[in-house]
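J.: final-v9.txt is the file, holding compact mmCIF, C-alpha atoms:
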```txt
# COMPACT_ATOMS: atom_id res chain seq x y z
CA MET A 1 -27.95 -37.24 -20.46
CA ILE A 2 -28.17 -36.51 -16.74
CA VAL A 3 -25.53 -39.15 -16.02
CA ARG A 4 -23.28 -37.67 -18.72
CA LYS A 5 -23.60 -34.19 -17.22
CA PHE A 6 -22.85 -35.49 -13.76
CA LEU A 7 -19.77 -37.41 -14.95
CA THR A 8 -18.49 -34.39 -16.88
CA ILE A 9 -18.80 -32.07 -13.90
CA LEU A 10 -17.31 -34.68 -11.58
CA THR A 11 -14.31 -35.13 -13.91
CA VAL A 12 -13.53 -31.41 -13.93
CA VAL A 13 -13.97 -31.06 -10.17
CA CYS A 14 -11.77 -34.09 -9.48
CA ALA A 15 -9.09 -32.77 -11.83
CA VAL A 16 -9.00 -29.40 -10.05
CA THR A 17 -9.00 -31.13 -6.64
CA ASN A 18 -6.15 -33.42 -7.65
CA LEU A 19 -4.15 -30.48 -9.02
CA ALA A 20 -4.57 -28.67 -5.70
CA ALA A 21 -3.46 -31.71 -3.72
CA GLN A 22 -0.42 -32.35 -5.91
CA GLN A 23 0.78 -28.75 -5.73
CA LEU A 24 0.14 -28.14 -2.02
CA TYR A 25 -3.08 -26.28 -2.76
CA THR A 26 -1.25 -23.41 -4.46
CA ASP A 27 -3.39 -23.64 -7.60
CA THR A 28 -6.80 -23.93 -5.95
CA PHE A 29 -9.09 -21.05 -6.76
CA ARG A 30 -11.70 -19.41 -4.61
CA ILE A 31 -13.23 -16.00 -5.29
CA ALA A 32 -14.31 -14.41 -2.02
CA ASP A 33 -16.47 -11.64 -3.44
CA GLN A 34 -18.38 -12.24 -6.68
CA LYS A 35 -20.06 -8.81 -6.74
CA THR A 36 -17.80 -7.50 -9.49
CA THR A 37 -18.26 -5.80 -12.82
CA ALA A 38 -17.01 -8.67 -15.00
CA ASP A 39 -18.32 -12.19 -15.54
CA MET A 40 -16.58 -14.13 -12.77
CA ASP A 41 -17.38 -17.52 -14.29
CA ALA A 42 -15.72 -16.46 -17.55
CA LEU A 43 -12.69 -15.29 -15.62
CA LEU A 44 -12.55 -18.60 -13.79
CA LEU A 45 -12.70 -20.61 -17.01
CA ASP A 46 -9.91 -18.57 -18.51
CA MET A 47 -7.89 -18.79 -15.30
CA VAL A 48 -8.24 -22.58 -15.00
CA ALA A 49 -7.46 -23.02 -18.70
CA GLN A 50 -4.11 -21.31 -18.17
CA GLN A 51 -3.33 -23.80 -15.39
CA GLY A 52 -4.29 -26.83 -17.48
CA GLU A 53 -0.81 -27.46 -18.84
CA ALA A 54 0.40 -28.33 -15.34
CA LEU A 55 -1.67 -31.53 -15.49
CA HIS A 56 0.47 -32.93 -18.33
CA ALA A 57 3.29 -33.51 -15.84
CA ASN A 58 1.05 -35.53 -13.52
CA ASP A 59 1.05 -39.20 -14.58
CA THR A 60 -1.66 -40.08 -12.09
CA VAL A 61 -4.26 -38.10 -14.03
CA ASP A 62 -5.60 -40.24 -16.85
CA THR A 63 -8.26 -37.77 -18.03
CA LEU A 64 -7.90 -34.92 -20.48
CA THR A 65 -6.27 -31.76 -19.18
CA LEU A 66 -8.52 -28.91 -18.17
CA ALA A 67 -7.13 -26.84 -21.01
CA GLU A 68 -8.27 -29.49 -23.49
CA LEU A 69 -11.60 -29.85 -21.78
CA MET A 70 -12.18 -26.12 -22.03
CA ARG A 71 -11.76 -26.28 -25.80
CA LEU A 72 -14.81 -28.50 -26.14
CA ASP A 73 -17.89 -26.34 -26.50
CA SER A 74 -20.19 -28.96 -25.07
CA ILE A 75 -18.09 -29.32 -21.94
CA GLU A 76 -17.82 -25.56 -21.54
CA ARG A 77 -21.61 -25.26 -21.71
CA GLU A 78 -21.96 -27.94 -19.06
CA ILE A 79 -19.55 -26.13 -16.75
CA ARG A 80 -21.33 -22.82 -17.28
CA GLU A 81 -24.64 -24.38 -16.28
CA VAL A 82 -23.44 -24.88 -12.72
CA ASP A 83 -22.14 -22.42 -10.18
CA SER A 84 -18.56 -23.50 -10.87
CA LEU A 85 -16.99 -21.40 -8.14
CA LYS A 86 -19.19 -22.71 -5.34
CA THR A 87 -19.16 -26.27 -6.66
CA MET A 88 -15.38 -26.46 -6.77
CA ASN A 89 -15.02 -24.93 -3.34
CA ALA A 90 -17.69 -27.19 -1.86
CA SER A 91 -15.86 -30.20 -3.30
CA LEU A 92 -12.59 -29.02 -1.81
CA ALA A 93 -14.28 -28.56 1.55
CA LEU A 94 -15.59 -32.15 1.42
CA GLN A 95 -12.03 -33.32 0.84
CA HIS A 96 -11.07 -31.58 4.12
CA LEU A 97 -8.40 -29.50 2.41
CA GLU A 98 -7.18 -26.66 4.59
CA LYS A 99 -5.39 -23.39 3.92
CA VAL A 100 -6.90 -22.97 0.45
CA PRO A 101 -5.66 -19.66 -1.04
CA THR A 102 -8.31 -17.09 -1.81
CA ILE A 103 -8.59 -14.85 -4.84
CA VAL A 104 -10.31 -11.58 -3.97
CA ILE A 105 -11.66 -9.49 -6.82
CA GLU A 106 -12.26 -5.90 -5.77
CA LYS A 107 -15.61 -4.24 -6.17
CA ALA A 108 -15.68 -1.42 -8.70
CA TRP A 109 -17.88 1.46 -9.72
CA VAL A 110 -16.78 1.35 -13.34
CA LYS A 111 -16.66 -1.84 -15.39
CA ASP A 112 -13.08 -2.67 -16.33
CA GLU A 113 -12.56 -6.27 -17.45
CA VAL A 114 -8.83 -5.70 -17.95
CA GLU A 115 -8.40 -4.72 -14.30
CA ASP A 116 -10.54 -7.65 -13.15
CA ARG A 117 -8.39 -10.02 -15.17
CA ASN A 118 -5.20 -8.42 -13.81
CA ASP A 119 -6.49 -8.94 -10.26
CA VAL A 120 -6.90 -12.64 -10.96
CA LEU A 121 -3.46 -12.99 -12.54
CA ARG A 122 -1.84 -11.19 -9.61
CA ALA A 123 -3.64 -13.48 -7.19
CA ILE A 124 -2.38 -16.56 -9.07
CA ARG A 125 1.17 -15.21 -8.92
CA ASN A 126 0.81 -14.49 -5.21
CA MET A 127 -0.26 -18.09 -4.62
CA ARG A 128 2.99 -19.36 -6.08
CA SER A 129 5.39 -16.99 -4.35
CA PRO A 130 5.53 -15.47 -0.86
CA TRP A 131 6.96 -12.24 -2.30
CA ARG A 132 4.69 -9.25 -2.98
CA ARG A 133 5.80 -6.23 -5.01
CA GLU A 134 4.04 -2.98 -5.79
CA LEU A 135 5.14 0.40 -7.15
CA THR A 136 2.96 3.51 -7.41
CA LEU A 137 4.02 6.58 -9.39
CA MET A 138 2.10 9.85 -9.24
CA ALA A 139 2.74 13.21 -10.93
CA GLN A 140 0.24 15.96 -10.22
CA ILE A 141 0.26 19.56 -11.40
CA THR A 142 -1.72 22.70 -10.56
CA GLN A 143 -1.39 25.74 -12.81
CA ASN A 144 -2.99 29.18 -12.69
CA TYR A 145 -2.38 32.12 -15.06
CA VAL A 146 -3.64 35.67 -14.43
CA THR A 147 -2.82 38.69 -16.61
CA PRO A 148 -1.62 41.83 -14.80
CA ASN A 149 -4.80 43.71 -15.79
CA TRP A 150 -7.21 41.03 -14.56
CA TYR A 151 -10.13 42.89 -12.98
CA GLN A 152 -10.11 40.82 -9.78
CA GLY A 153 -6.36 41.00 -9.34
CA GLY A 154 -4.34 37.97 -8.27
CA SER A 155 -1.14 36.40 -9.52
CA SER A 156 -0.09 33.46 -11.66
CA SER A 157 1.14 30.33 -9.93
CA PHE A 158 2.37 26.85 -10.72
CA ALA A 159 2.66 23.86 -8.39
CA GLY A 160 3.78 20.31 -8.93
CA LEU A 161 3.95 17.16 -6.83
CA GLY A 162 5.70 13.88 -7.57
CA ILE A 163 5.26 10.72 -5.50
CA ALA A 164 6.99 7.36 -5.78
CA LYS A 165 5.87 4.70 -3.33
CA GLY A 166 6.88 1.06 -3.38
CA GLN A 167 6.48 -2.04 -1.29
CA VAL A 168 8.33 -5.36 -1.20
CA SER A 169 7.01 -7.90 1.29
CA TYR A 170 7.61 -11.51 2.21
CA ILE A 171 4.39 -13.14 3.44
CA ARG A 172 4.20 -16.49 5.17
CA GLU A 173 1.64 -17.90 7.59
CA ARG A 174 3.79 -17.36 10.69
CA PHE A 175 6.37 -14.86 9.47
CA THR A 176 6.06 -11.62 7.51
CA TRP A 177 8.63 -9.07 6.45
CA GLU A 178 7.25 -5.79 5.08
CA ASN A 179 9.42 -3.14 3.44
CA THR A 180 8.11 0.17 2.08
CA PHE A 181 9.71 3.28 0.67
CA GLU A 182 8.21 6.65 -0.20
CA TRP A 183 9.64 9.71 -1.89
CA ARG A 184 7.56 12.88 -2.17
CA MET A 185 8.82 16.01 -3.88
CA GLY A 186 6.71 19.10 -4.48
CA GLY A 187 7.25 22.76 -5.26
CA SER A 188 5.35 25.89 -6.19
CA THR A 189 5.96 29.38 -7.48
CA VAL A 190 5.14 32.23 -5.08
CA SER A 191 4.92 35.72 -6.51
CA ALA A 192 5.26 37.30 -3.06
CA ASP A 193 8.69 35.71 -2.62
CA SER A 194 11.21 37.86 -4.49
CA LEU A 195 14.24 35.72 -3.58
CA HIS A 196 13.08 32.30 -4.71
CA LYS A 197 11.38 31.40 -7.98
CA VAL A 198 10.26 28.02 -6.63
CA ASN A 199 9.62 27.08 -3.02
CA THR A 200 9.67 23.50 -1.79
CA THR A 201 6.24 22.55 -0.49
CA ASP A 202 6.77 18.83 0.12
CA ASP A 203 9.99 16.88 0.55
CA LEU A 204 10.17 13.48 2.21
CA PHE A 205 12.24 10.36 1.74
CA ARG A 206 11.14 7.50 4.00
CA LEU A 207 12.15 3.84 4.41
CA TYR A 208 10.25 1.51 6.73
CA SER A 209 10.89 -2.16 7.51
CA LYS A 210 8.99 -4.45 9.88
CA ALA A 211 9.49 -8.14 10.66
CA ASN A 212 6.70 -10.05 12.43
CA LEU A 213 6.69 -13.53 13.98
CA ARG A 214 3.30 -14.91 14.98
CA ILE A 215 2.77 -15.83 18.62
CA VAL A 216 -0.94 -16.63 18.48
CA PRO A 217 -3.52 -15.87 15.77
CA LYS A 218 -3.58 -12.10 15.02
CA ILE A 219 -0.77 -11.30 17.48
CA PHE A 220 2.89 -11.08 16.44
CA THR A 221 6.19 -10.11 18.01
CA SER A 222 7.46 -7.20 15.97
CA LEU A 223 10.80 -5.56 15.23
CA SER A 224 10.70 -2.42 13.08
CA ALA A 225 12.98 0.37 11.86
CA GLU A 226 12.24 3.60 10.02
CA ILE A 227 14.30 6.44 8.59
CA ASP A 228 13.04 9.66 7.07
CA THR A 229 14.86 12.74 5.88
CA ARG A 230 14.83 15.66 3.45
CA LEU A 231 16.64 15.75 0.13
CA LEU A 232 15.98 19.35 -0.95
CA PRO A 233 16.60 22.74 0.70
CA THR A 234 13.58 24.63 2.03
CA TYR A 235 13.76 28.38 2.66
CA LYS A 236 11.61 30.76 4.65
CA ALA A 237 9.68 33.28 2.53
CA ASN A 238 11.76 36.27 1.37
CA SER A 239 14.75 34.97 3.30
CA MET A 240 17.86 32.89 2.68
CA GLU A 241 17.42 31.24 6.05
CA LEU A 242 16.98 27.49 5.69
CA LYS A 243 14.13 25.64 7.37
CA SER A 244 15.53 22.28 6.26
CA ALA A 245 18.35 20.98 4.10
CA PRO A 246 19.46 17.63 2.66
CA PHE A 247 19.68 15.17 5.60
CA SER A 248 18.81 17.97 8.01
CA PRO A 249 16.86 16.72 9.82
CA PHE A 250 17.55 12.99 9.61
CA ARG A 251 15.37 10.78 11.80
CA PHE A 252 15.80 7.14 12.78
CA ASN A 253 13.34 5.06 14.81
CA ALA A 254 13.74 1.46 15.97
CA ALA A 255 11.07 -0.33 17.99
CA PHE A 256 10.44 -3.74 19.51
CA GLY A 257 7.06 -4.88 20.73
CA VAL A 258 3.79 -6.52 19.75
CA ASP A 259 1.83 -6.15 16.50
CA PHE A 260 -1.91 -6.80 16.73
CA LYS A 261 -3.83 -7.38 13.48
CA PRO A 262 -7.51 -7.81 14.42
CA VAL A 263 -8.79 -7.50 10.84
CA LYS A 264 -7.33 -7.37 7.38
CA ASP A 265 -5.36 -4.20 6.51
CA LEU A 266 -5.27 -2.98 10.13
CA SER A 267 -2.07 -3.10 12.17
CA ILE A 268 -1.65 -1.85 15.75
CA SER A 269 1.95 -1.94 16.95
CA LEU A 270 2.72 -1.35 20.63
CA SER A 271 6.42 -0.90 21.38
CA PRO A 272 7.40 -0.47 25.04
CA ILE A 273 11.03 -0.23 23.89
CA SER A 274 11.63 2.41 21.21
CA TYR A 275 14.86 4.15 20.22
CA LYS A 276 14.82 7.47 18.36
CA VAL A 277 17.62 9.58 16.86
CA ILE A 278 17.38 13.07 15.37
CA HIS A 279 20.43 14.35 13.49
CA ILE A 280 21.04 17.78 11.94
CA MET A 281 23.88 17.64 9.45
CA ASP A 282 24.03 21.39 8.71
CA THR A 283 23.72 23.14 12.09
CA THR A 284 25.21 26.38 10.76
CA ARG A 285 22.26 27.13 8.46
CA VAL A 286 19.45 25.02 9.98
CA LYS A 287 18.13 25.85 13.43
CA SER A 288 18.33 22.82 15.70
CA THR A 289 15.65 24.32 17.94
CA ASP A 290 13.10 23.91 15.14
CA TYR A 291 13.35 20.15 15.65
CA GLY A 292 13.43 19.90 19.42
CA LEU A 293 17.22 20.00 19.85
CA ALA A 294 19.23 22.51 21.87
CA ALA A 295 20.79 25.42 19.99
CA GLY A 296 23.79 24.17 18.03
CA GLN A 297 23.16 20.54 19.01
CA ARG A 298 23.78 18.14 16.15
CA THR A 299 22.41 14.81 17.42
CA GLN A 300 19.84 13.79 19.99
CA HIS A 301 19.26 10.23 21.27
CA ASN A 302 16.05 9.19 23.03
CA ILE A 303 14.71 5.97 24.51
CA GLY A 304 11.00 5.67 25.18
CA SER A 305 7.82 3.99 23.98
CA SER A 306 5.84 4.25 20.76
CA VAL A 307 2.55 3.30 19.14
CA ARG A 308 2.00 2.90 15.41
CA ILE A 309 -1.37 2.29 13.76
CA GLU A 310 -1.68 1.63 10.03
CA TYR A 311 -4.96 1.14 8.22
CA THR A 312 -5.93 0.73 4.57
CA TRP A 313 -9.54 0.88 3.40
CA LYS A 314 -10.70 0.19 -0.16
CA PRO A 315 -14.51 0.13 -0.36
CA VAL A 316 -14.21 -0.04 -4.16
CA ARG A 317 -11.28 -0.26 -6.54
CA GLU A 318 -11.52 3.44 -7.39
CA VAL A 319 -11.12 4.66 -3.80
CA ALA A 320 -8.16 3.90 -1.54
CA LEU A 321 -7.70 5.45 1.89
CA GLU A 322 -4.46 5.00 3.81
CA ALA A 323 -4.04 6.21 7.38
CA ARG A 324 -0.87 6.15 9.50
CA PHE A 325 -0.71 7.27 13.12
CA PHE A 326 2.53 7.42 15.09
CA ALA A 327 2.98 8.41 18.74
CA TYR A 328 6.25 8.53 20.64
CA THR A 329 7.24 9.63 24.10
CA ASN A 330 10.46 9.60 26.07
CA TYR A 331 8.40 10.54 29.16
CA ARG A 332 9.55 14.15 28.91
CA TYR A 333 7.87 15.18 25.64
CA VAL A 334 5.29 13.73 23.25
CA GLU A 335 5.27 13.50 19.47
CA LEU A 336 2.01 12.74 17.62
CA ASP A 337 1.82 12.37 13.85
CA LEU A 338 -1.27 11.49 11.80
CA GLU A 339 -1.17 11.17 8.01
CA VAL A 340 -4.30 10.42 5.97
CA ASN A 341 -4.15 10.03 2.18
CA CYS A 342 -7.17 9.27 0.03
CA ASP A 343 -6.73 8.47 -3.67
CA PHE A 344 -9.67 8.67 -6.07
CA ILE A 345 -9.00 6.68 -9.23
CA ILE A 346 -10.54 8.28 -12.32
CA ASN A 347 -9.19 5.72 -14.77
CA ARG A 348 -6.10 3.56 -15.18
CA TRP A 349 -3.86 6.63 -15.57
CA LEU A 350 -5.55 9.55 -13.80
CA SER A 351 -6.37 10.10 -10.15
CA ALA A 352 -7.02 12.76 -7.53
CA ARG A 353 -5.48 12.81 -4.07
CA LEU A 354 -6.55 14.40 -0.80
CA SER A 355 -3.86 14.49 1.87
CA LEU A 356 -4.33 15.60 5.49
CA HIS A 357 -1.36 15.74 7.86
CA PRO A 358 -1.82 17.08 11.41
CA ARG A 359 1.19 16.86 13.72
CA TYR A 360 2.08 17.82 17.29
CA ASP A 361 5.50 17.86 18.95
CA SER A 362 5.67 19.23 22.48
CA SER A 363 9.47 19.70 22.20
CA VAL A 364 9.20 22.20 19.31
CA ILE A 365 8.34 25.75 20.35
CA VAL A 366 8.50 28.31 17.54
CA GLU A 367 10.27 31.57 18.29
CA GLY A 368 7.76 34.03 19.74
CA ASP A 369 5.44 31.33 21.12
CA THR A 370 5.29 30.23 24.75
CA HIS A 371 4.24 26.62 24.08
CA ALA A 372 4.07 24.04 21.32
CA LYS A 373 1.18 24.25 18.88
CA LEU A 374 -0.57 21.92 16.47
CA GLN A 375 0.94 21.79 12.97
CA PHE A 376 -1.23 21.02 9.95
CA ARG A 377 -0.80 20.50 6.21
CA GLU A 378 -3.47 19.80 3.57
CA LEU A 379 -3.19 19.08 -0.14
CA LEU A 380 -5.69 18.38 -2.91
CA SER A 381 -4.25 17.51 -6.31
CA LEU A 382 -5.13 15.93 -9.65
CA GLY A 383 -2.89 14.25 -12.16
CA PHE A 384 -1.21 11.09 -13.44
CA ALA A 385 -1.06 7.92 -11.34
CA HIS A 386 -0.27 4.30 -12.13
CA LYS A 387 0.56 1.12 -10.23
CA PHE A 388 3.06 -1.50 -11.25
CA TYR A 389 3.03 -5.04 -9.81
```
Could you show the structure in this file as structure tokens?
T.:
Amino acid sequence: MIVRKFLTILTVVCAVTNLAAQQLYTDTFRIADQKTTADMDALLLDMVAQQGEALHANDTVDTLTLAELMRLDSIEREIREVDSLKTMNASLALQHLEKVPTIVIEKAWVKDEVEDRNDVLRAIRNMRSPWRRELTLMAQITQNYVTPNWYQGGSSSFAGLGIAKGQVSYIRERFTWENTFEWRMGGSTVSADSLHKVNTTDDLFRLYSKANLRIVPKIFTSLSAEIDTRLLPTYKANSMELKSAPFSPFRFNAAFGVDFKPVKDLSISLSPISYKVIHIMDTTRVKSTDYGLAAGQRTQHNIGSSVRIEYTWKPVREVALEARFFAYTNYRYVELDLEVNCDFIINRWLSARLSLHPRYDSSVIVEGDTHAKLQFRELLSLGFAHKFY
């Protein structure tokens, strides 16, 4: 009986090892963190069973496929009696196989077997293709109604925010190409504004692309480009004077330098050569001086240096914090921009978001002030959110 158990386990391990070797290790499975809400062994069995059909095409394997082995209750019990994840990985390590892909299952506060399974399926897909795709859609609404005779006074209001954020990346060991886009559009009703029923509170369209080529481990040469602009008009309160308009302002940044990635999800880009353009399409209605340009000036070109730091932290699946810091100087003025967004996932369709956005630009001096001041924006919202992969 002991010999039979040993031969059964050895057969399964050898089959998985041979499949990894034949397919350049793309179908080898390793789960880095087993502290999850679902049964990881059950997920592994299901995951390996789906890969079993690939063994039919391999004439060198004269045993049953893993899919067929999984259908035998006795074999399944034998596999469950061992720590299948560690056993398979230990066997692969003894074979001196390198660059084995890793499947990471996120920790979670709330048990969700569907999400755990989706994580595994996404990881399998990522093993087979260097392309990564992700799309996040959010629609959040705040509404308040107060009757005119309400004893505490006040006024009714309505605010909405829509966010679309996507990423398409090409990931290889030595070369990566990351592309992201973001479109935010928000508005609110303001009873004190008699000229506008809805005021724009958030309006941003941003495209960012970065290509990295590895020099040494964790250090890459980097070439990046970013554009951001406005797509909706924004008015000052009780005035027809525009603060911004479609493509006014329009910003373009290009940078060349070094990208340092000391740990996962942290990127520090140092660019001694950085080129920046600010363009105001409608200078007749939008004040150029609000964006650091001379009065009536349409376009400004600058060459300087920049620093960009991007960090993503997900302690559990239900919490995701993204931070982006950008600093630029042309050695005459300094621009600092910090954006921190924290999403709290309630379930697969609902989430809350806290957004903090301090900003400082020494070239922008508001009329009536003698020097530039810190700008700040904060938003807390609740509503629909979903990710597509």
J.: Could you state the separation of atom CA of A:Ile171 and atom CA of A:Arg132 in Å, given to one decimal place?
T.: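 Separation of atom CA of A:Ile171 and atom CA of A:Arg132: 7.5 Å.
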J.: Which is closest to A:Leu380 among A:Ala237, A:Asn144, A:Ala352, A:Gly368, if we use all atoms listed in the file?
T.: A:Ala352
J.: Extract, using all atoms listed in the file, all DNA, RNA and protein residues at most 9 Å from A:Glu335, discarding same-chain residues fewer than 6 positions from it, and format them as a list of chain:residue names.
T.: A:Phe326, A:Ala327, A:Tyr328, A:Thr329, A:Arg359, A:Tyr360, A:Asp361, A:Ser362, A:Ser363
J.: Determine, using all atoms listed in the file, which residues of stretch 286-361 of chain A have any atom at most 12 Å from an atom of stretch 209-229 of chain A, and tabulate each with its shortest atom pair and distance in Å to one decimal place, rows ordered by chain and then rising number, as a Markdown table.
T.:
```
| residue | atom | partner | partner_atom | distance |
| --- | --- | --- | --- | --- |
| A:Ser306 | CA | A:Ser224 | CA | 11.3 |
| A:Val307 | CA | A:Ser224 | CA | 11.7 |
| A:Arg308 | CA | A:Ser224 | CA | 10.5 |
| A:Phe326 | CA | A:Glu226 | CA | 11.6 |
```
J.: Let me see the file: selected residues, C-alpha atoms, as a compact mmCIF listing (two decimals), keeping the file's coordinate frame.
T.:
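Result file follows (part_18.txt):
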```
# COMPACT_ATOMS: atom_id res chain seq x y z
CA SER A 306 5.84 4.25 20.76
CA VAL A 307 2.55 3.30 19.14
CA ARG A 308 2.00 2.90 15.41
CA PHE A 326 2.53 7.42 15.09
```
J.: Atom CA of A:Ile309 and atom CA of A:Met185 are how many Å apart?
T.: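 So the answer is 24.6 Å.
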J.: Within 7 Å of A:Glu310, counting only C-alpha atoms, which residues show up once you throw out same-chain ones fewer than 5 positions away? Write them as a list in words, please.
T.: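 Listing them by chain and then by number gives Leu266, Ser267, Ile268, Ala323, Arg324 and Phe325 of chain A.
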J.: Please report the interatomic distance between atom CA of A:Glu178 and atom CA of A:Glu322 in Å with one decimal.
T.: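 Atom CA of A:Glu322 lies at a distance of 16.0 Å from atom CA of A:Glu178.
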J.: Of the candidates A:Ser305, A:Thr370, A:Asn199, A:Ser288, which shows the shortest atom-to-atom distance to A:Ser239, using only C-alpha atoms?
T.: A:Asn199
